[in-house]
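Enquirer: File name start_30.cif; file contents mmCIF, C-alpha atoms and all ligand atoms; full text below.
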```
data_target
#
loop_
_atom_site.group_PDB
_atom_site.id
_atom_site.type_symbol
_atom_site.label_atom_id
_atom_site.label_comp_id
_atom_site.auth_asym_id
_atom_site.auth_seq_id
_atom_site.Cartn_x
_atom_site.Cartn_y
_atom_site.Cartn_z
ATOM 1 C CA MET A 1 2.796 70.805 75.669
ATOM 2 C CA THR A 2 3.776 67.643 77.477
ATOM 3 C CA VAL A 3 3.339 64.013 76.579
ATOM 4 C CA LEU A 4 1.698 62.430 79.627
ATOM 5 C CA GLU A 5 1.848 58.834 80.801
ATOM 6 C CA ILE A 6 -1.109 56.723 79.699
ATOM 7 C CA ILE A 7 -2.433 54.456 82.444
ATOM 8 C CA THR A 8 -3.377 50.919 81.472
ATOM 9 C CA TYR A 9 -5.730 48.145 82.544
ATOM 10 C CA PRO A 10 -6.072 46.968 85.369
ATOM 11 C CA ASP A 11 -5.431 50.422 86.863
ATOM 12 C CA PRO A 12 -8.560 50.930 89.066
ATOM 13 C CA ARG A 13 -8.927 54.555 87.966
ATOM 14 C CA LEU A 14 -10.089 53.304 84.559
ATOM 15 C CA LEU A 15 -13.192 51.851 86.241
ATOM 16 C CA GLU A 16 -14.210 55.091 87.959
ATOM 17 C CA PRO A 17 -16.681 57.572 86.496
ATOM 18 C CA SER A 18 -15.146 60.987 85.817
ATOM 19 C CA GLU A 19 -16.379 64.228 87.389
ATOM 20 C CA PRO A 20 -18.016 66.970 85.325
ATOM 21 C CA VAL A 21 -15.845 70.051 84.765
ATOM 22 C CA ALA A 22 -17.331 73.078 86.537
ATOM 23 C CA LEU A 23 -14.895 75.708 85.319
ATOM 24 C CA ILE A 24 -12.764 75.788 82.187
ATOM 25 C CA ASP A 25 -9.687 77.497 83.539
ATOM 26 C CA GLU A 26 -6.012 77.578 82.563
ATOM 27 C CA ASP A 27 -5.411 74.166 84.194
ATOM 28 C CA VAL A 28 -8.156 72.574 82.102
ATOM 29 C CA ARG A 29 -6.850 74.180 78.900
ATOM 30 C CA GLN A 30 -3.342 72.961 79.736
ATOM 31 C CA LEU A 31 -4.649 69.448 80.387
ATOM 32 C CA ILE A 32 -6.436 69.470 77.013
ATOM 33 C CA ALA A 33 -3.274 70.601 75.205
ATOM 34 C CA ASP A 34 -1.252 67.868 76.944
ATOM 35 C CA MET A 35 -3.908 65.245 76.188
ATOM 36 C CA ALA A 36 -3.806 66.160 72.493
ATOM 37 C CA GLU A 37 -0.009 65.933 72.472
ATOM 38 C CA THR A 38 -0.223 62.545 74.217
ATOM 39 C CA MET A 39 -2.797 61.300 71.669
ATOM 40 C CA PHE A 40 -0.651 62.333 68.683
ATOM 41 C CA ASP A 41 2.466 60.858 70.277
ATOM 42 C CA ALA A 42 0.857 57.460 71.014
ATOM 43 C CA PRO A 43 -0.511 57.656 68.254
ATOM 44 C CA GLY A 44 -4.243 57.314 68.744
ATOM 45 C CA VAL A 45 -7.458 58.803 67.376
ATOM 46 C CA GLY A 46 -8.989 59.672 70.733
ATOM 47 C CA LEU A 47 -8.119 60.027 74.409
ATOM 48 C CA ALA A 48 -10.139 60.543 77.593
ATOM 49 C CA ALA A 49 -8.730 62.471 80.579
ATOM 50 C CA VAL A 50 -8.949 59.413 82.855
ATOM 51 C CA GLN A 51 -6.375 57.739 80.591
ATOM 52 C CA VAL A 52 -3.797 60.246 81.807
ATOM 53 C CA GLY A 53 -5.046 59.844 85.386
ATOM 54 C CA ALA A 54 -7.338 62.898 85.515
ATOM 55 C CA LEU A 55 -10.893 61.922 86.474
ATOM 56 C CA LYS A 56 -12.506 64.798 84.593
ATOM 57 C CA GLN A 57 -15.131 64.622 81.858
ATOM 58 C CA ILE A 58 -12.846 65.690 79.041
ATOM 59 C CA LEU A 59 -11.964 63.958 75.792
ATOM 60 C CA VAL A 60 -9.938 64.843 72.729
ATOM 61 C CA TYR A 61 -10.194 63.192 69.344
ATOM 62 C CA GLN A 62 -9.238 63.515 65.730
ATOM 63 C CA GLU A 63 -12.221 64.130 63.522
ATOM 64 C CA HIS A 64 -10.246 63.402 60.366
ATOM 65 C CA PRO A 65 -7.426 61.044 61.403
ATOM 66 C CA GLU A 66 -6.749 60.184 57.756
ATOM 67 C CA GLU A 67 -5.586 63.758 57.169
ATOM 68 C CA ASN A 68 -2.016 63.983 58.233
ATOM 69 C CA GLU A 69 -2.215 67.100 60.326
ATOM 70 C CA LYS A 70 -2.351 67.636 64.041
ATOM 71 C CA SER A 71 -5.869 68.953 64.313
ATOM 72 C CA PHE A 72 -8.131 67.813 67.108
ATOM 73 C CA ARG A 73 -11.376 68.604 68.838
ATOM 74 C CA ALA A 74 -11.918 68.702 72.601
ATOM 75 C CA LEU A 75 -15.238 68.001 74.293
ATOM 76 C CA ILE A 76 -16.017 68.844 77.907
ATOM 77 C CA ASN A 77 -18.837 67.099 79.832
ATOM 78 C CA PRO A 78 -19.984 65.239 76.681
ATOM 79 C CA VAL A 79 -23.237 63.272 76.780
ATOM 80 C CA ILE A 80 -24.852 61.092 74.118
ATOM 81 C CA VAL A 81 -28.424 62.356 74.011
ATOM 82 C CA GLN A 82 -29.645 60.150 71.173
ATOM 83 C CA SER A 83 -28.417 57.070 69.358
ATOM 84 C CA GLU A 84 -29.776 55.127 66.396
ATOM 85 C CA GLY A 85 -28.979 52.031 64.422
ATOM 86 C CA LYS A 86 -26.172 49.535 64.788
ATOM 87 C CA TYR A 87 -22.596 49.638 63.592
ATOM 88 C CA LEU A 88 -19.993 46.942 64.157
ATOM 89 C CA SER A 89 -16.624 48.593 64.699
ATOM 90 C CA GLU A 90 -13.801 46.561 63.244
ATOM 91 C CA ASN A 91 -10.796 45.712 65.357
ATOM 92 C CA GLU A 92 -11.424 48.403 67.929
ATOM 93 C CA GLY A 93 -8.470 49.023 70.219
ATOM 94 C CA CYS A 94 -7.603 51.198 73.214
ATOM 95 C CA LEU A 95 -4.333 52.801 74.321
ATOM 96 C CA SER A 96 -5.175 51.799 77.922
ATOM 97 C CA VAL A 97 -5.918 48.177 77.015
ATOM 98 C CA PRO A 98 -2.776 46.969 75.247
ATOM 99 C CA ASP A 99 -2.948 43.855 73.064
ATOM 100 C CA LEU A 100 -6.740 43.620 72.997
ATOM 101 C CA ARG A 101 -8.568 44.131 69.724
ATOM 102 C CA SER A 102 -12.194 43.366 69.046
ATOM 103 C CA ASN A 103 -15.140 44.127 66.869
ATOM 104 C CA VAL A 104 -17.643 45.979 69.054
ATOM 105 C CA GLN A 105 -21.340 46.583 68.544
ATOM 106 C CA ARG A 106 -21.881 50.337 68.582
ATOM 107 C CA ALA A 107 -24.662 52.719 67.579
ATOM 108 C CA ALA A 108 -24.454 53.896 63.965
ATOM 109 C CA LYS A 109 -25.477 57.481 64.560
ATOM 110 C CA ILE A 110 -25.349 59.537 67.741
ATOM 111 C CA THR A 111 -26.207 63.037 68.892
ATOM 112 C CA VAL A 112 -23.729 64.502 71.359
ATOM 113 C CA LYS A 113 -24.131 67.484 73.663
ATOM 114 C CA ALA A 114 -21.019 68.981 75.238
ATOM 115 C CA LEU A 115 -19.125 72.164 75.955
ATOM 116 C CA ASN A 116 -16.333 73.246 73.638
ATOM 117 C CA ILE A 117 -12.987 74.527 74.885
ATOM 118 C CA ASP A 118 -14.459 78.042 75.185
ATOM 119 C CA GLY A 119 -17.226 76.732 77.453
ATOM 120 C CA GLU A 120 -19.922 77.165 74.805
ATOM 121 C CA PRO A 121 -22.643 74.507 74.607
ATOM 122 C CA ILE A 122 -22.539 72.534 71.371
ATOM 123 C CA GLU A 123 -24.686 69.766 69.934
ATOM 124 C CA PHE A 124 -23.867 67.703 66.846
ATOM 125 C CA GLN A 125 -24.382 64.376 65.155
ATOM 126 C CA ALA A 126 -21.729 61.806 64.303
ATOM 127 C CA GLU A 127 -21.868 58.643 62.215
ATOM 128 C CA GLY A 128 -19.744 55.606 61.432
ATOM 129 C CA MET A 129 -16.121 55.647 62.650
ATOM 130 C CA HIS A 130 -16.467 59.177 64.004
ATOM 131 C CA ALA A 131 -19.395 57.956 66.156
ATOM 132 C CA VAL A 132 -17.398 54.883 67.258
ATOM 133 C CA VAL A 133 -14.500 57.019 68.538
ATOM 134 C CA LEU A 134 -16.896 59.245 70.489
ATOM 135 C CA GLN A 135 -18.776 56.276 71.994
ATOM 136 C CA HIS A 136 -15.451 54.685 72.986
ATOM 137 C CA GLU A 137 -14.155 57.867 74.669
ATOM 138 C CA ILE A 138 -17.478 58.649 76.389
ATOM 139 C CA ASP A 139 -17.423 55.057 77.722
ATOM 140 C CA HIS A 140 -14.104 55.935 79.412
ATOM 141 C CA LEU A 141 -15.729 58.921 81.134
ATOM 142 C CA ASN A 142 -18.297 56.494 82.578
ATOM 143 C CA GLY A 143 -15.644 54.051 83.818
ATOM 144 C CA VAL A 144 -16.257 51.602 80.960
ATOM 145 C CA THR A 145 -13.366 50.204 78.928
ATOM 146 C CA LEU A 146 -12.965 48.001 75.873
ATOM 147 C CA VAL A 147 -12.566 45.049 78.288
ATOM 148 C CA ASP A 148 -16.242 45.495 79.235
ATOM 149 C CA ARG A 149 -17.343 45.600 75.597
ATOM 150 C CA VAL A 150 -15.910 42.270 74.396
ATOM 151 C CA SER A 151 -17.402 38.795 74.777
ATOM 152 C CA ALA A 152 -17.221 37.100 78.207
ATOM 153 C CA LEU A 153 -14.786 34.532 76.811
ATOM 154 C CA LYS A 154 -12.479 37.111 75.283
ATOM 155 C CA ARG A 155 -12.599 39.111 78.537
ATOM 156 C CA GLU A 156 -11.608 36.065 80.637
ATOM 157 C CA ILE A 157 -8.712 35.224 78.339
ATOM 158 C CA TYR A 158 -7.487 38.815 78.406
ATOM 159 C CA LYS A 159 -7.750 39.103 82.209
ATOM 160 C CA ARG A 160 -5.800 35.873 82.618
ATOM 161 C CA LYS A 161 -3.125 37.073 80.219
ATOM 162 C CA VAL A 162 -2.746 40.377 82.113
ATOM 163 C CA LYS A 163 -2.525 38.567 85.470
ATOM 164 C CA LYS A 164 0.156 36.254 84.151
ATOM 165 C CA HIS A 165 2.069 39.181 82.687
ATOM 166 C CA LEU A 166 1.887 41.134 85.978
ATOM 167 C CA LYS A 167 3.141 38.121 87.913
ATOM 168 C CA ALA A 168 6.071 37.701 85.546
ATOM 169 C CA SER A 169 7.182 41.333 85.734
HETATM 170 NI NI NI A 201 -9.709 53.786 74.995
#
```
Please lay out the structure from this file as C-alpha cells.
Expert:
Amino acid sequence: MTVLEIITYPDPRLLEPSEPVALIDEDVRQLIADMAETMFDAPGVGLAAVQVGALKQILVYQEHPEENEKSFRALINPVIVQSEGKYLSENEGCLSVPDLRSNVQRAAKITVKALNIDGEPIEFQAEGMHAVVLQHEIDHLNGVTLVDRVSALKREIYKRKVKKHLKAS
C-alpha cells in the first residue's frame, strides 16, 4: 500500500464531479487500499478518490475512528437516497482544504446506497457524526468541498488567504 499525495484547494479537480465505477478490478482495489493508507497516514476519518486525483466515485472512511485500529469501509458509487432532520457538525475540516474549519449544517440521518468492495449492492442508514463524514465525502464526489459549505463571508476570507499564500510561495 502506498501513501498518495492529497490535492488541495484551489486544485480545479476538486470542483469536478467524479465518474461512476463500471468495473471493480484490481486497479480499483489497489486504489482503495492506497486511499485507506493515505487516510490513516494523514490522519483523517474519510477520503474521496478525487482527493488523490482520481475522478472516480469511491470513498473510504472510518466507521469507528475512536477505536484505535486501522479498520475502514469503502463505498463505490455511493448515493444518498434519503435524508432527514438537521445536524450541525462542529468544526468540520477537510484534508484538501487546509486551515479552514467550520460548523456545517448537515442532515441528521441519511440512507445510503452503494456497492461494497466486492461489487455487491448495499443500503444502510447513518446518523450523527457517521452521517456527517458520509455527507462530506459524497459532496467531494459531486465536486463540492467544504469551501462551498461555509458562509459567504468565511468563503471570501479563505479564498483571499489562499490567493495571498499562493502569491507568496
Ligand atoms: Ni474533505
Enquirer: Residues of chain A that have any atom at most 8 Å from an atom of ligand NI 201 (chain A): could you tabulate them with the shortest-distance atom pair and the distance in Å to one decimal, using only C-alpha atoms and all ligand atoms, ordered by chain and increasing number, as a tab-separated table?
Expert:
```
residue	atom	partner	partner_atom	distance
A:Gly46	CA	A:NI201	NI	7.3
A:Leu47	CA	A:NI201	NI	6.5
A:Ala48	CA	A:NI201	NI	7.3
A:Gln51	CA	A:NI201	NI	7.6
A:Gly93	CA	A:NI201	NI	6.9
A:Cys94	CA	A:NI201	NI	3.8
A:Leu95	CA	A:NI201	NI	5.5
A:Ser96	CA	A:NI201	NI	5.8
A:Val97	CA	A:NI201	NI	7.1
A:His136	CA	A:NI201	NI	6.1
A:Glu137	CA	A:NI201	NI	6.0
A:His140	CA	A:NI201	NI	6.6
A:Thr145	CA	A:NI201	NI	6.5
A:Leu146	CA	A:NI201	NI	6.7
```
Enquirer: Using only C-alpha atoms, which of A:Ser83, A:Ala54, A:Asn91, A:Lys161 sits nearest Ser18 (chain A)?
Expert: A:Ala54
Enquirer: Step by step, gather every atom of region 87-102 of chain A that the file lists, find the box along x, y and z that holds them, add 3 Å on each side, and finally give centre and edge lengths in Å to one decimal, as lines of an AutoDock Vina configuration file.
Expert:
```
center_x = -12.7
center_y = 48.1
center_z = 70.6
size_x = 25.8
size_y = 15.4
size_z = 20.7
```
Enquirer: For the atom pair CA of Tyr87 (chain A) and CA of Glu127 (chain A), what is the interatomic distance in Å to one decimal place?
Expert: 9.1 Å
Enquirer: Suppose you want the space between CA of Lys70 (chain A) and CA of Met1 (chain A); what is it in Å?
Expert: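 It comes out at 13.1 Å.
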Enquirer: In Å, rounded to a single decimal, give me how far CA of Met35 (chain A) is from CA of Leu4 (chain A).
Expert: 7.2 Å
Enquirer: Determine, counting all atoms listed in the file, which protein, DNA and RNA residues have an atom within 9 Å of an atom of Val147 (chain A); residues of the same chain fewer than 5 positions away are not included. Present the result as number ranges by chain.
Expert: A: 9, 97, 100, 154-155, 158-159
Enquirer: Leaving out region 104-109 of chain A and any residue of its chain fewer than 2 positions from it, which residues lie within 9 Å of it when counting all atoms listed in the file, given as a list in words?
Expert: Gln82, Ser83, Glu84, Gly85, Lys86, Tyr87, Leu88, Ser89, Glu90, Asn91, Glu92, Ser102, Thr111, Gln125, Ala126, Glu127, Gly128, Met129, Ala131, Val132, Gln135, His136, Leu146, Arg149 and Val150 of chain A
Enquirer: In terms of the shortest atom-to-atom distance over all atoms listed in the file, which of A:Pro65, A:Val50, A:Ile110, A:Ile24 is closest to Phe124 (chain A)?
Expert: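 Under the stated criterion, the closest residue is A:Ile110.
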Enquirer: Neighbours of Thr2 (chain A) within 10 Å (only C-alpha atoms; same-chain residues fewer than 3 positions away dropped), as a list in words?
Expert: Glu5, Gln30, Leu31, Ala33, Asp34, Met35, Ala36, Glu37, Thr38 and Asp41 of chain A
Enquirer: Would you mind telling me which residue in A:Leu153, A:Leu141, A:Ala74, A:Ala42 lies nearest to Val28 (chain A) when using only C-alpha atoms?
Expert: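 Result for the nearest residue to Val28 (chain A): A:Ala74.
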Enquirer: The PyMOL selection byres (((chain A and resi 118) around 12) and not hetatm) - which residues does that actually catch in the file I just gave you? List them as a list in words.
Expert: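 Those residues are Leu23, Ile24, Asp25, Glu26, Val28, Arg29, Ile32, Arg73, Ala74, Leu75, Ile76, Ala114, Leu115, Asn116, Ile117, Gly119, Glu120, Pro121 and Ile122 of chain A.
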Enquirer: Restrict the selected residues to C-alpha atoms and save them as a PDB file, keeping the file's coordinate frame.
Expert:
```
ATOM      1  CA  LEU A  23     -14.895  75.708  85.319  1.00  0.00           C
ATOM      2  CA  ILE A  24     -12.764  75.788  82.187  1.00  0.00           C
ATOM      3  CA  ASP A  25      -9.687  77.497  83.539  1.00  0.00           C
ATOM      4  CA  GLU A  26      -6.012  77.578  82.563  1.00  0.00           C
ATOM      5  CA  VAL A  28      -8.156  72.574  82.102  1.00  0.00           C
ATOM      6  CA  ARG A  29      -6.850  74.180  78.900  1.00  0.00           C
ATOM      7  CA  ILE A  32      -6.436  69.470  77.013  1.00  0.00           C
ATOM      8  CA  ARG A  73     -11.376  68.604  68.838  1.00  0.00           C
ATOM      9  CA  ALA A  74     -11.918  68.702  72.601  1.00  0.00           C
ATOM     10  CA  LEU A  75     -15.238  68.001  74.293  1.00  0.00           C
ATOM     11  CA  ILE A  76     -16.017  68.844  77.907  1.00  0.00           C
ATOM     12  CA  ALA A 114     -21.019  68.981  75.238  1.00  0.00           C
ATOM     13  CA  LEU A 115     -19.125  72.164  75.955  1.00  0.00           C
ATOM     14  CA  ASN A 116     -16.333  73.246  73.638  1.00  0.00           C
ATOM     15  CA  ILE A 117     -12.987  74.527  74.885  1.00  0.00           C
ATOM     16  CA  GLY A 119     -17.226  76.732  77.453  1.00  0.00           C
ATOM     17  CA  GLU A 120     -19.922  77.165  74.805  1.00  0.00           C
ATOM     18  CA  PRO A 121     -22.643  74.507  74.607  1.00  0.00           C
ATOM     19  CA  ILE A 122     -22.539  72.534  71.371  1.00  0.00           C
TER      20      ILE A 122
END
```
Enquirer: Considering all atoms listed in the file, state which residue in the set A:Val81, A:Ile138, A:Phe72, A:Phe40 is at the smallest distance from Lys113 (chain A).
Expert: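 Closest residue, counting all atoms listed in the file: A:Val81.
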Enquirer: For a quick check of understanding, using all atoms listed in the file, which of A:Ile7, A:Ser169, A:Leu134, A:Leu14 has the smallest distance to Asp148 (chain A)?
Expert: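 Looking at the shortest contact to Asp148 (chain A), the residue is A:Leu14.
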Enquirer: Calculated over only C-alpha atoms, which of the candidates A:Val162, A:Val112, A:Glu19, A:Val133 has the smallest distance to Tyr61 (chain A)?
Expert: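 Of all the options, A:Val133 lies closest to Tyr61 (chain A).
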Enquirer: So that I can see what lies close to Pro17 (chain A), please list as a list in words the residues with an atom at most 9 Å from it, counting all atoms listed in the file and leaving out residues fewer than 4 positions away in the same chain.
Expert: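 That gives Arg13, Val50, Leu55, Lys56, Gln57, His140, Leu141, Asn142, Gly143 and Val144 of chain A.
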